[in-house]
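The structure file final-v1.txt is reproduced below (compact mmCIF, C-alpha atoms).
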# COMPACT_ATOMS: atom_id res chain seq x y z
CA MET A 1 0.00 0.00 0.00
CA TRP A 2 2.83 2.40 0.88
CA ARG A 3 5.43 0.91 -1.42
CA ASN A 4 5.16 0.38 -5.14
CA THR A 5 4.32 -2.97 -6.67
CA ASP A 6 4.92 -4.32 -10.16
CA SER A 7 1.50 -3.11 -11.19
CA GLY A 8 0.91 0.05 -9.19
CA TYR A 9 2.28 2.95 -7.15
CA GLY A 10 2.19 3.01 -3.36
CA TRP A 11 0.81 5.94 -1.36
CA VAL A 12 4.27 7.38 -0.69
CA ALA A 13 5.02 7.73 -4.38
CA ILE A 14 1.55 9.12 -5.06
CA LEU A 15 1.78 11.70 -2.27
CA LEU A 16 5.24 12.71 -3.40
CA HIS A 17 4.06 13.16 -6.98
CA TRP A 18 1.13 15.44 -6.15
CA THR A 19 2.99 17.41 -3.48
CA VAL A 20 5.81 18.18 -5.91
CA ALA A 21 3.26 19.00 -8.63
CA VAL A 22 1.52 21.57 -6.41
CA ALA A 23 4.89 23.01 -5.33
CA VAL A 24 6.13 23.31 -8.90
CA PHE A 25 2.97 25.07 -10.11
CA GLY A 26 2.97 27.34 -7.09
CA LEU A 27 6.66 28.24 -7.36
CA PHE A 28 6.33 28.97 -11.06
CA ALA A 29 3.34 31.25 -10.59
CA LEU A 30 4.90 33.00 -7.59
CA GLY A 31 8.27 33.37 -9.32
CA LEU A 32 6.75 34.88 -12.43
CA TRP A 33 4.53 37.26 -10.47
CA MET A 34 7.19 38.40 -8.02
CA THR A 35 9.68 39.59 -10.64
CA GLY A 36 7.05 42.05 -11.85
CA LEU A 37 6.58 43.65 -8.44
CA THR A 38 7.48 47.27 -7.90
CA TYR A 39 9.79 48.43 -5.14
CA TYR A 40 6.81 49.72 -3.16
CA SER A 41 4.71 46.56 -3.22
CA GLU A 42 4.20 45.07 0.24
CA TRP A 43 5.10 41.72 -1.35
CA TYR A 44 8.45 42.95 -2.67
CA ASN A 45 10.44 41.20 0.07
CA LEU A 46 7.84 38.66 1.20
CA ALA A 47 7.26 36.94 -2.15
CA PRO A 48 10.94 36.04 -2.80
CA HIS A 49 11.24 34.94 0.83
CA VAL A 50 8.33 32.51 0.40
CA HIS A 51 9.65 31.43 -3.02
CA GLN A 52 13.08 30.59 -1.61
CA SER A 53 11.67 28.91 1.49
CA VAL A 54 9.34 26.62 -0.45
CA GLY A 55 12.10 25.95 -2.99
CA LEU A 56 14.50 24.79 -0.28
CA ILE A 57 11.88 22.54 1.29
CA LEU A 58 11.16 21.15 -2.16
CA ALA A 59 14.87 20.39 -2.53
CA ALA A 60 14.72 18.17 0.55
CA VAL A 61 11.50 16.51 -0.71
CA ILE A 62 13.05 15.85 -4.14
CA VAL A 63 16.12 14.23 -2.60
CA PHE A 64 13.82 11.93 -0.63
CA ARG A 65 11.70 11.31 -3.72
CA LEU A 66 14.68 10.33 -5.85
CA ALA A 67 15.94 8.03 -3.13
CA TRP A 68 12.47 6.46 -2.85
CA ARG A 69 12.30 6.05 -6.64
CA LEU A 70 15.66 4.32 -6.81
CA GLY A 71 14.90 2.09 -3.84
CA ASN A 72 11.49 0.96 -5.06
CA ARG A 73 10.08 -1.18 -7.78
CA HIS A 74 8.58 0.73 -10.62
CA PRO A 75 5.20 -0.38 -11.96
CA ALA A 76 5.33 -1.65 -15.54
CA PHE A 77 4.15 0.38 -18.49
CA GLU A 78 0.63 -0.39 -19.65
CA PRO A 79 1.04 -3.33 -22.08
CA THR A 80 -0.73 -1.39 -24.84
CA MET A 81 1.89 1.36 -24.83
CA LYS A 82 3.96 1.68 -27.98
CA ASP A 83 7.75 2.02 -28.05
CA TRP A 84 7.71 5.75 -28.74
CA GLU A 85 5.36 6.30 -25.81
CA ARG A 86 7.62 4.37 -23.44
CA ILE A 87 10.72 6.25 -24.61
CA GLY A 88 8.84 9.55 -24.47
CA ALA A 89 7.66 8.86 -20.95
CA VAL A 90 11.12 7.99 -19.66
CA ALA A 91 12.66 11.01 -21.38
CA ALA A 92 10.01 13.41 -20.11
CA HIS A 93 10.08 12.12 -16.54
CA TRP A 94 13.86 12.24 -16.21
CA GLY A 95 13.85 15.55 -18.09
CA MET A 96 11.54 16.97 -15.43
CA TYR A 97 13.73 15.61 -12.63
CA ALA A 98 16.80 17.16 -14.25
CA LEU A 99 15.10 20.53 -14.73
CA ILE A 100 13.79 20.58 -11.17
CA ALA A 101 17.28 19.82 -9.87
CA THR A 102 18.73 22.60 -12.05
CA LEU A 103 16.11 25.10 -10.85
CA LEU A 104 16.73 24.21 -7.22
CA ALA A 105 20.52 24.52 -7.63
CA THR A 106 20.43 27.85 -9.48
CA GLY A 107 17.76 29.14 -7.14
CA TYR A 108 20.02 28.37 -4.19
CA VAL A 109 23.09 30.03 -5.77
CA ILE A 110 21.46 33.39 -6.45
CA PRO A 111 20.80 34.57 -2.89
CA THR A 112 23.86 32.85 -1.39
CA ALA A 113 26.42 34.02 -3.95
CA GLY A 114 27.86 36.56 -1.56
CA GLY A 115 28.35 34.07 1.21
CA ASP A 116 25.15 34.88 3.10
CA PRO A 117 22.87 32.03 4.22
CA VAL A 118 19.32 31.74 2.90
CA ALA A 119 16.37 31.51 5.26
CA VAL A 120 13.59 28.93 5.19
CA PHE A 121 10.63 30.90 6.53
CA ASP A 122 11.68 31.82 10.06
CA TRP A 123 12.58 28.26 10.96
CA PHE A 124 16.23 27.90 10.03
CA THR A 125 18.84 29.05 7.55
CA VAL A 126 20.85 27.15 4.97
CA PRO A 127 24.47 28.33 4.73
CA ALA A 128 26.13 29.34 1.49
CA ILE A 129 28.18 26.67 -0.22
CA GLY A 130 30.73 29.13 -1.58
CA ARG A 131 31.01 32.50 -3.23
CA PHE A 132 30.11 33.10 -6.85
CA ASP A 133 31.14 35.99 -9.05
CA SER A 134 28.64 38.31 -10.68
CA ALA A 135 28.84 36.70 -14.13
CA SER A 136 28.02 33.32 -12.62
CA VAL A 137 25.09 34.74 -10.70
CA ASP A 138 23.64 36.38 -13.79
CA LEU A 139 24.07 33.12 -15.69
CA ALA A 140 22.36 31.22 -12.86
CA GLY A 141 19.49 33.68 -13.11
CA ALA A 142 19.09 33.15 -16.84
CA ILE A 143 19.22 29.37 -16.45
CA HIS A 144 16.68 29.58 -13.64
CA TYR A 145 14.29 31.64 -15.73
CA TRP A 146 14.51 29.61 -18.96
CA GLY A 147 14.69 26.35 -17.04
CA ALA A 148 11.38 27.21 -15.37
CA TRP A 149 9.67 27.73 -18.73
CA ALA A 150 11.22 24.54 -20.10
CA LEU A 151 9.93 22.63 -17.07
CA MET A 152 6.43 24.03 -17.48
CA ALA A 153 6.48 23.04 -21.16
CA LEU A 154 7.31 19.47 -20.13
CA VAL A 155 4.66 19.62 -17.39
CA ALA A 156 2.06 20.69 -19.95
CA MET A 157 3.05 17.81 -22.21
CA HIS A 158 3.04 15.43 -19.23
CA THR A 159 -0.46 16.54 -18.23
CA LEU A 160 -1.83 16.24 -21.76
CA ALA A 161 -0.22 12.82 -22.15
CA ALA A 162 -1.83 11.62 -18.91
CA LEU A 163 -5.21 12.85 -20.11
CA LYS A 164 -4.67 11.17 -23.48
CA HIS A 165 -3.98 7.87 -21.77
CA HIS A 166 -7.06 8.27 -19.63
CA PHE A 167 -9.65 9.55 -22.10
CA ILE A 168 -8.37 8.31 -25.45
CA ASP A 169 -6.43 5.13 -24.74
CA ARG A 170 -8.65 4.39 -21.72
CA ASP A 171 -5.75 2.68 -19.92
CA ARG A 172 -4.67 2.75 -16.25
CA THR A 173 -1.85 5.29 -16.59
CA LEU A 174 -3.55 8.19 -14.85
CA ARG A 175 -5.49 6.00 -12.45
CA LYS A 176 -2.22 4.49 -11.20
CA MET A 177 -1.25 7.91 -9.89
CA LEU A 178 -4.56 8.34 -8.06
CA GLY A 179 -4.34 5.30 -5.78
CA PRO A 180 -2.53 1.98 -5.23
CA ARG A 181 -5.41 -0.12 -6.41
CA SER A 182 -6.45 0.86 -9.91
CA MET B 1 82.61 90.08 -24.59
CA ARG B 2 81.09 92.32 -27.22
CA LEU B 3 77.88 94.08 -26.05
CA LYS B 4 75.71 92.49 -28.77
CA THR B 5 76.87 88.98 -27.85
CA LEU B 6 76.33 89.69 -24.15
CA ALA B 7 72.84 91.03 -24.86
CA ALA B 8 72.05 87.99 -27.00
CA SER B 9 73.34 85.60 -24.34
CA VAL B 10 71.35 87.26 -21.59
CA THR B 11 68.19 87.26 -23.73
CA LEU B 12 68.64 83.59 -24.53
CA ALA B 13 69.23 82.76 -20.87
CA LEU B 14 66.12 84.70 -19.85
CA ALA B 15 64.12 82.97 -22.59
CA PHE B 16 65.05 79.56 -21.22
CA ALA B 17 64.19 80.67 -17.68
CA ALA B 18 60.79 81.96 -18.77
CA MET B 19 59.77 78.77 -20.60
CA PRO B 20 56.69 77.08 -19.08
CA ALA B 21 57.65 74.51 -16.48
CA THR B 22 56.25 71.49 -18.37
CA ALA B 23 58.96 69.46 -16.72
CA ALA B 24 56.93 69.86 -13.49
CA GLU B 25 53.85 68.02 -14.81
CA GLU B 26 53.86 64.57 -13.24
CA ALA B 27 52.17 61.48 -14.58
CA TYR B 28 50.67 59.06 -12.04
CA THR B 29 49.20 55.59 -12.27
CA ILE B 30 46.35 54.87 -9.91
CA ASP B 31 47.27 52.41 -7.14
CA LYS B 32 44.27 50.08 -7.34
CA GLY B 33 44.89 48.69 -3.88
CA HIS B 34 44.50 52.13 -2.34
CA THR B 35 41.96 53.71 -4.61
CA PHE B 36 38.25 53.36 -4.07
CA ILE B 37 35.35 54.39 -6.26
CA THR B 38 32.43 54.57 -3.87
CA PHE B 39 28.91 55.94 -3.83
CA GLU B 40 26.14 56.44 -1.32
CA ILE B 41 22.43 56.48 -1.94
CA SER B 42 19.47 56.78 0.38
CA HIS B 43 17.34 53.74 1.18
CA ILE B 44 13.77 55.09 0.93
CA GLY B 45 14.80 58.08 2.99
CA TYR B 46 16.27 56.10 5.86
CA ALA B 47 19.74 54.55 5.99
CA TRP B 48 22.48 55.33 3.51
CA ILE B 49 23.55 52.43 1.34
CA PRO B 50 27.21 52.56 0.41
CA GLY B 51 28.57 50.74 -2.59
CA THR B 52 31.73 50.44 -4.63
CA PHE B 53 32.81 49.61 -8.12
CA ASN B 54 35.61 47.15 -7.50
CA GLU B 55 37.17 47.00 -10.96
CA PHE B 56 38.54 50.09 -12.63
CA GLU B 57 41.66 51.66 -14.06
CA GLY B 58 42.81 55.21 -14.24
CA SER B 59 45.56 57.72 -14.22
CA PHE B 60 46.10 61.35 -13.41
CA ARG B 61 48.56 64.09 -14.21
CA TYR B 62 49.40 66.66 -11.57
CA ASP B 63 51.47 69.79 -11.93
CA PRO B 64 52.50 71.13 -8.53
CA GLU B 65 53.78 74.33 -10.06
CA ASN B 66 50.74 74.95 -12.21
CA ARG B 67 47.91 73.04 -10.62
CA ALA B 68 45.38 74.06 -13.25
CA ASN B 69 47.42 71.92 -15.60
CA SER B 70 46.28 68.75 -13.82
CA SER B 71 43.90 66.14 -15.17
CA ALA B 72 42.44 62.74 -14.37
CA GLN B 73 40.60 59.95 -16.07
CA PHE B 74 39.23 56.57 -15.08
CA THR B 75 37.26 53.70 -16.55
CA LEU B 76 35.31 51.31 -14.37
CA GLN B 77 33.65 47.95 -15.04
CA THR B 78 29.96 48.35 -14.23
CA GLU B 79 29.67 44.61 -13.59
CA SER B 80 31.87 45.10 -10.51
CA ILE B 81 29.22 47.06 -8.59
CA ASP B 82 29.18 45.86 -4.99
CA THR B 83 26.68 46.77 -2.28
CA GLU B 84 27.45 43.71 -0.15
CA HIS B 85 24.21 41.97 -1.10
CA ALA B 86 24.11 39.28 -3.79
CA LYS B 87 20.49 39.77 -4.87
CA ARG B 88 20.64 43.57 -4.75
CA ASP B 89 23.83 43.56 -6.84
CA LYS B 90 22.21 41.18 -9.31
CA HIS B 91 19.24 43.57 -9.63
CA LEU B 92 21.61 46.54 -10.06
CA ARG B 93 23.43 44.79 -12.90
CA SER B 94 20.16 44.14 -14.71
CA ALA B 95 18.36 46.34 -17.21
CA ASP B 96 16.33 47.80 -14.33
CA PHE B 97 19.48 49.74 -13.36
CA PHE B 98 22.97 49.66 -14.83
CA ASN B 99 22.26 47.19 -17.66
CA VAL B 100 25.84 45.97 -17.55
CA SER B 101 25.53 43.63 -20.52
CA GLU B 102 24.72 46.64 -22.72
CA TYR B 103 27.01 49.12 -20.95
CA PRO B 104 30.01 47.28 -19.51
CA THR B 105 31.96 50.43 -18.61
CA ALA B 106 31.50 53.90 -17.18
CA THR B 107 34.14 56.59 -17.70
CA PHE B 108 35.27 59.98 -16.50
CA LYS B 109 37.62 62.31 -18.30
CA SER B 110 38.45 65.68 -16.80
CA THR B 111 38.35 68.86 -18.86
CA ALA B 112 39.40 71.41 -16.27
CA TYR B 113 41.10 71.59 -12.87
CA GLU B 114 40.55 74.81 -10.93
CA PRO B 115 42.43 75.25 -7.66
CA THR B 116 40.17 76.85 -5.05
CA GLY B 117 42.56 76.85 -2.12
CA GLU B 118 45.90 75.56 -0.98
CA ASN B 119 44.71 71.96 -0.90
CA SER B 120 41.44 72.09 -2.75
CA ALA B 121 40.16 72.34 -6.28
CA GLU B 122 37.19 71.86 -8.52
CA MET B 123 37.63 69.34 -11.28
CA THR B 124 35.16 69.44 -14.14
CA GLY B 125 34.88 66.69 -16.68
CA ASN B 126 32.71 64.35 -18.70
CA LEU B 127 31.10 61.45 -16.87
CA THR B 128 29.64 58.74 -19.08
CA ILE B 129 27.22 56.18 -17.62
CA LYS B 130 24.96 53.93 -19.71
CA GLY B 131 26.17 55.67 -22.84
CA ILE B 132 25.02 59.10 -21.61
CA THR B 133 27.66 61.78 -21.11
CA LYS B 134 27.14 64.70 -18.73
CA GLU B 135 29.48 67.31 -17.41
CA VAL B 136 30.07 66.99 -13.68
CA THR B 137 32.21 68.89 -11.20
CA PHE B 138 34.09 67.13 -8.44
CA GLU B 139 35.10 68.88 -5.21
CA VAL B 140 38.71 67.81 -4.81
CA ARG B 141 40.78 67.71 -1.65
CA GLU B 142 44.49 67.32 -2.23
CA LEU B 143 45.59 65.07 0.57
CA GLY B 144 49.33 65.30 0.13
CA ALA B 145 52.25 63.62 -1.54
CA GLY B 146 55.60 62.15 -0.66
CA GLU B 147 57.97 59.22 -0.78
CA ASP B 148 56.70 55.92 0.57
CA PRO B 149 58.87 53.25 2.22
CA TRP B 150 58.89 51.14 -0.94
CA GLY B 151 60.57 53.46 -3.39
CA ASN B 152 57.55 55.22 -4.88
CA PHE B 153 56.46 58.81 -4.89
CA ARG B 154 52.81 58.80 -3.92
CA ARG B 155 50.12 61.47 -4.25
CA SER B 156 46.59 61.32 -2.90
CA PHE B 157 43.20 62.97 -3.46
CA GLU B 158 39.60 62.74 -2.47
CA ALA B 159 37.01 63.81 -5.03
CA THR B 160 33.26 64.03 -4.41
CA THR B 161 30.27 64.94 -6.49
CA GLU B 162 26.54 64.35 -6.52
CA ILE B 163 24.70 63.02 -9.53
CA SER B 164 21.05 62.76 -10.37
CA LEU B 165 20.14 59.22 -11.39
CA ASP B 166 17.71 60.56 -13.96
CA ASP B 167 20.51 62.34 -15.82
CA PHE B 168 21.98 58.97 -16.73
CA LYS B 169 18.69 57.02 -16.76
CA ILE B 170 20.13 54.76 -14.05
CA ASP B 171 16.88 53.96 -12.26
CA GLN B 172 14.43 52.29 -14.62
CA TYR B 173 12.83 50.44 -11.76
CA GLY B 174 11.32 53.23 -9.67
CA LEU B 175 13.21 53.60 -6.39
CA GLY B 176 11.40 56.77 -5.47
CA GLU B 177 12.18 60.38 -4.69
CA ALA B 178 14.54 59.83 -1.76
CA SER B 179 16.91 57.82 -3.97
CA SER B 180 16.92 60.19 -6.93
CA THR B 181 20.50 61.34 -6.28
CA ALA B 182 23.68 59.61 -5.26
CA GLU B 183 26.91 60.94 -3.87
CA ILE B 184 30.06 59.69 -5.54
CA ARG B 185 33.31 59.72 -3.61
CA VAL B 186 36.58 58.67 -5.17
CA ALA B 187 39.58 58.21 -2.90
CA VAL B 188 42.67 58.11 -5.07
CA GLU B 189 46.27 57.25 -4.48
CA GLY B 190 48.65 57.19 -7.39
CA THR B 191 52.33 56.51 -7.80
CA ARG B 192 54.42 58.76 -9.95
CA GLN B 193 55.71 57.16 -13.10
As structure tokens, please, write out the structure in this file.
Amino acid sequence: MWRNTDSGYGWVAILLHWTVAVAVFGLFALGLWMTGLTYYSEWYNLAPHVHQSVGLILAAVIVFRLAWRLGNRHPAFEPTMKDWERIGAVAAHWGMYALIATLLATGYVIPTAGGDPVAVFDWFTVPAIGRFDSASVDLAGAIHYWGAWALMALVAMHTLAALKHHFIDRDRTLRKMLGPRS
Amino acid sequence: MRLKTLAASVTLALAFAAMPATAAEEAYTIDKGHTFITFEISHIGYAWIPGTFNEFEGSFRYDPENRANSSAQFTLQTESIDTEHAKRDKHLRSADFFNVSEYPTATFKSTAYEPTGENSAEMTGNLTIKGITKEVTFEVRELGAGEDPWGNFRRSFEATTEISLDDFKIDQYGLGEASSTAEIRVAVEGTRQ
């Protein structure tokens, strides 16, 4: 029930999937909105603070998720799936993992580049890993921005693919991510 | 000696003596370890935020016998702006402020040096930021000169001026009225070449 089986996902994997999905959507929306704020908006400091805090928590969740993924069985593809669909799925899923990791890394570098720690709400701070020069920080910012759009493009494709499997192919793909017994 | 020859010799000697003392004009290279290009700007009317431009080069010429014959110039790398805050510096480098990818340098070249006192002067020149050139006047304090323990002859100045950010279109973001001007202070030490 908690762990995956050969034919379905366990609750841990399902919870991790939807939690990360909500976080990714939320961080994207918040990130896009906050860079348009004026100096005099009351959210000018608060929005980036929340963005960074949630991002750092997501980093911890993703590490756990990857560990869980590697230490668990993975349910088989639906037998009706064609080769291109299987390859596409693997590519898209690992592509999303890679982009999330890149976003989390660049997002961490930007506020800590001067050696200052970054706060997670008012609970604790994460120290800087090292100092980065201004060119590196600006590059990290560009990668963070374009990486976010690239991730959302993959997410859109991922969502449409899931809906295709559910409504057109009428297979268990989406249902597997809604509960262990599908 | 014949009178004509004597007169000619005396005239020639006087002519040499009266020649402008261009030999007194000294060329200096800025000592980057002891020169600082700094600025201060108000934070929404409260504290003063200091900052520096860490990468620059420059030189000056100083004529102790004819101080008006002095000049200075420097070029700084806008990417090196430093207000001790990674995210603020990143914002300052962006198109909202200094747009460093479009305008990698800022320069100053003096056009006049007017002594106003024994150790003070006004230095006018062209300041170029973000491709816009405006004439500015620095209040200069001449802080002295002399031999240092390491074999150099060193001369030092402090130059201050105030600029309006609008003149150079520096603030595209909207910092507000209190931050519409910034004071620039350059502390210079140079070694004579």
_Top pick for closest residue to A:Tyr108, considering A:Ala150, A:Val90, A:Leu58, A:Leu70 and counting only C-alpha atoms_ = A:Leu58
_Top pick for closest residue to A:Val137, considering A:Gly10, A:Gly107, A:Pro75, A:Pro180 and counting only C-alpha atoms_ =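 Of the candidates, the smallest distance to A:Val137 is held by A:Gly107.
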*Residues within 12 Å of (11.8, 3.9, -9.0), counting all atoms listed in the file, listed as a list of chain:residue names*: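 Those residues, ordered by chain and then number, are A:Arg3, A:Asn4, A:Thr5, A:Asp6, A:Gly8, A:Tyr9, A:Gly10, A:Val12, A:Ala13, A:Phe64, A:Arg65, A:Leu66, A:Ala67, A:Trp68, A:Arg69, A:Leu70, A:Gly71, A:Asn72, A:Arg73, A:His74, A:Pro75, A:Ala76, A:Val90, A:His93, A:Trp94.
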*asked:* Should the cut-off be 8 Å, what would the residue list for chain B against chain A look like, counting only C-alpha atoms, as a PyMOL selection string?
replied: chain B and resi 79-80+84-87+90+173-175
Can you spit out the residues from that selection as an mmCIF file, in the coordinates of the input, using C-alpha atoms?
data_model
loop_
_atom_site.group_PDB
_atom_site.id
_atom_site.type_symbol
_atom_site.label_atom_id
_atom_site.label_comp_id
_atom_site.auth_asym_id
_atom_site.auth_seq_id
_atom_site.Cartn_x
_atom_site.Cartn_y
_atom_site.Cartn_z
ATOM 1 C CA GLU B 79 29.670 44.610 -13.590
ATOM 2 C CA SER B 80 31.870 45.100 -10.510
ATOM 3 C CA GLU B 84 27.450 43.710 -0.150
ATOM 4 C CA HIS B 85 24.210 41.970 -1.100
ATOM 5 C CA ALA B 86 24.110 39.280 -3.790
ATOM 6 C CA LYS B 87 20.490 39.770 -4.870
ATOM 7 C CA LYS B 90 22.210 41.180 -9.310
ATOM 8 C CA TYR B 173 12.830 50.440 -11.760
ATOM 9 C CA GLY B 174 11.320 53.230 -9.670
ATOM 10 C CA LEU B 175 13.210 53.600 -6.390
#
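Of note, atom CA of B:Glu65 and atom CA of B:Glu158 are spaced 19.8 Å apart.
For the choices B:Glu118, B:Glu139, B:Glu57, B:Glu183, the atom-to-atom distance to B:Thr38 is smallest for B:Glu183 when using only C-alpha atoms.
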Within 9 Å of B:Thr160, counting all atoms listed in the file, which residues qualify if same-chain residues fewer than 4 places away don't, as a PDB file with C-alpha atoms, in the coordinates of the input?
ATOM      1  CA  THR B 137      32.210  68.890 -11.200  1.00  0.00           C
ATOM      2  CA  PHE B 138      34.090  67.130  -8.440  1.00  0.00           C
ATOM      3  CA  GLU B 139      35.100  68.880  -5.210  1.00  0.00           C
ATOM      4  CA  VAL B 140      38.710  67.810  -4.810  1.00  0.00           C
ATOM      5  CA  ARG B 141      40.780  67.710  -1.650  1.00  0.00           C
ATOM      6  CA  GLU B 183      26.910  60.940  -3.870  1.00  0.00           C
ATOM      7  CA  ILE B 184      30.060  59.690  -5.540  1.00  0.00           C
ATOM      8  CA  ARG B 185      33.310  59.720  -3.610  1.00  0.00           C
ATOM      9  CA  VAL B 186      36.580  58.670  -5.170  1.00  0.00           C
ATOM     10  CA  ALA B 187      39.580  58.210  -2.900  1.00  0.00           C
TER      11      ALA B 187
END
*Between atom CA of B:Phe108 and atom CA of B:Gly125 - distance in Å to one decimal*: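 According to the coordinates, atom CA of B:Gly125 and atom CA of B:Phe108 are separated by 6.7 Å.
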*Between B:Ile49, B:Asp171, B:Phe39, B:Thr75, single out the one closest to B:Asn126, counting all atoms listed in the file.*
B:Thr75
Can you list, as a PDB file with C-alpha atoms, in the coordinates of the input, every protein, DNA or RNA residue that comes within 8 Å of A:Leu104 when you count only C-alpha atoms, leaving out same-chain residues fewer than 5 positions away?
ATOM      1  CA  GLY A  55      12.100  25.950  -2.990  1.00  0.00           C
ATOM      2  CA  LEU A  56      14.500  24.790  -0.280  1.00  0.00           C
ATOM      3  CA  ALA A  59      14.870  20.390  -2.530  1.00  0.00           C
TER       4      ALA A  59
END
_Two-atom distance - atom CA of B:Glu189, atom CA of B:Ser71 (Å)_ = 14.1 Å
Could you get me a file of stretch 78-84 of chain A with all heavy atoms, as a PDB file, in the first residue's frame, taken from the block above?
ATOM      1  N   GLU A  78       1.836   0.282 -19.154  1.00  0.00           N
ATOM      2  CA  GLU A  78       0.633  -0.394 -19.646  1.00  0.00           C
ATOM      3  C   GLU A  78       1.029  -1.205 -20.887  1.00  0.00           C
ATOM      4  O   GLU A  78       1.764  -0.691 -21.747  1.00  0.00           O
ATOM      5  CB  GLU A  78      -0.436   0.625 -20.021  1.00  0.00           C
ATOM      6  CG  GLU A  78      -1.029   1.355 -18.819  1.00  0.00           C
ATOM      7  CD  GLU A  78      -1.776   0.410 -17.914  1.00  0.00           C
ATOM      8  OE1 GLU A  78      -2.944   0.123 -18.195  1.00  0.00           O
ATOM      9  OE2 GLU A  78      -1.175  -0.034 -16.905  1.00  0.00           O
ATOM     10  N   PRO A  79       0.584  -2.458 -20.983  1.00  0.00           N
ATOM     11  CA  PRO A  79       1.036  -3.330 -22.079  1.00  0.00           C
ATOM     12  C   PRO A  79       0.695  -2.781 -23.465  1.00  0.00           C
ATOM     13  O   PRO A  79       1.373  -3.102 -24.434  1.00  0.00           O
ATOM     14  CB  PRO A  79       0.293  -4.646 -21.821  1.00  0.00           C
ATOM     15  CG  PRO A  79      -0.747  -4.333 -20.800  1.00  0.00           C
ATOM     16  CD  PRO A  79      -0.311  -3.133 -20.045  1.00  0.00           C
ATOM     17  N   THR A  80      -0.336  -1.929 -23.537  1.00  0.00           N
ATOM     18  CA  THR A  80      -0.733  -1.386 -24.844  1.00  0.00           C
ATOM     19  C   THR A  80       0.158  -0.242 -25.312  1.00  0.00           C
ATOM     20  O   THR A  80       0.019   0.237 -26.432  1.00  0.00           O
ATOM     21  CB  THR A  80      -2.182  -0.861 -24.765  1.00  0.00           C
ATOM     22  OG1 THR A  80      -2.299  -0.096 -23.558  1.00  0.00           O
ATOM     23  CG2 THR A  80      -3.172  -2.007 -24.746  1.00  0.00           C
ATOM     24  N   MET A  81       1.058   0.205 -24.448  1.00  0.00           N
ATOM     25  CA  MET A  81       1.885   1.355 -24.832  1.00  0.00           C
ATOM     26  C   MET A  81       2.905   1.005 -25.901  1.00  0.00           C
ATOM     27  O   MET A  81       3.558  -0.039 -25.846  1.00  0.00           O
ATOM     28  CB  MET A  81       2.602   1.929 -23.604  1.00  0.00           C
ATOM     29  CG  MET A  81       1.730   2.902 -22.826  1.00  0.00           C
ATOM     30  SD  MET A  81       2.490   3.461 -21.307  1.00  0.00           S
ATOM     31  CE  MET A  81       3.746   4.534 -21.951  1.00  0.00           C
ATOM     32  N   LYS A  82       3.032   1.895 -26.886  1.00  0.00           N
ATOM     33  CA  LYS A  82       3.958   1.682 -27.975  1.00  0.00           C
ATOM     34  C   LYS A  82       5.367   2.095 -27.536  1.00  0.00           C
ATOM     35  O   LYS A  82       5.554   2.755 -26.518  1.00  0.00           O
ATOM     36  CB  LYS A  82       3.528   2.511 -29.191  1.00  0.00           C
ATOM     37  CG  LYS A  82       2.039   2.441 -29.476  1.00  0.00           C
ATOM     38  CD  LYS A  82       1.709   2.605 -30.927  1.00  0.00           C
ATOM     39  CE  LYS A  82       0.206   2.588 -31.160  1.00  0.00           C
ATOM     40  NZ  LYS A  82      -0.597   3.307 -30.151  1.00  0.00           N
ATOM     41  N   ASP A  83       6.349   1.705 -28.366  1.00  0.00           N
ATOM     42  CA  ASP A  83       7.750   2.018 -28.049  1.00  0.00           C
ATOM     43  C   ASP A  83       7.992   3.511 -27.885  1.00  0.00           C
ATOM     44  O   ASP A  83       8.665   3.947 -26.953  1.00  0.00           O
ATOM     45  CB  ASP A  83       8.666   1.483 -29.155  1.00  0.00           C
ATOM     46  CG  ASP A  83       8.960   0.002 -28.948  1.00  0.00           C
ATOM     47  OD1 ASP A  83       8.671  -0.495 -27.839  1.00  0.00           O
ATOM     48  OD2 ASP A  83       9.463  -0.634 -29.876  1.00  0.00           O
ATOM     49  N   TRP A  84       7.430   4.320 -28.810  1.00  0.00           N
ATOM     50  CA  TRP A  84       7.707   5.750 -28.742  1.00  0.00           C
ATOM     51  C   TRP A  84       7.108   6.370 -27.481  1.00  0.00           C
ATOM     52  O   TRP A  84       7.666   7.292 -26.900  1.00  0.00           O
ATOM     53  CB  TRP A  84       7.233   6.475 -30.012  1.00  0.00           C
ATOM     54  CG  TRP A  84       5.738   6.575 -30.199  1.00  0.00           C
ATOM     55  CD1 TRP A  84       4.955   5.725 -30.919  1.00  0.00           C
ATOM     56  CD2 TRP A  84       4.854   7.573 -29.663  1.00  0.00           C
ATOM     57  NE1 TRP A  84       3.653   6.126 -30.882  1.00  0.00           N
ATOM     58  CE2 TRP A  84       3.557   7.263 -30.111  1.00  0.00           C
ATOM     59  CE3 TRP A  84       5.037   8.710 -28.862  1.00  0.00           C
ATOM     60  CZ2 TRP A  84       2.437   8.034 -29.785  1.00  0.00           C
ATOM     61  CZ3 TRP A  84       3.918   9.470 -28.533  1.00  0.00           C
ATOM     62  CH2 TRP A  84       2.632   9.124 -28.997  1.00  0.00           C
TER      63      TRP A  84
END
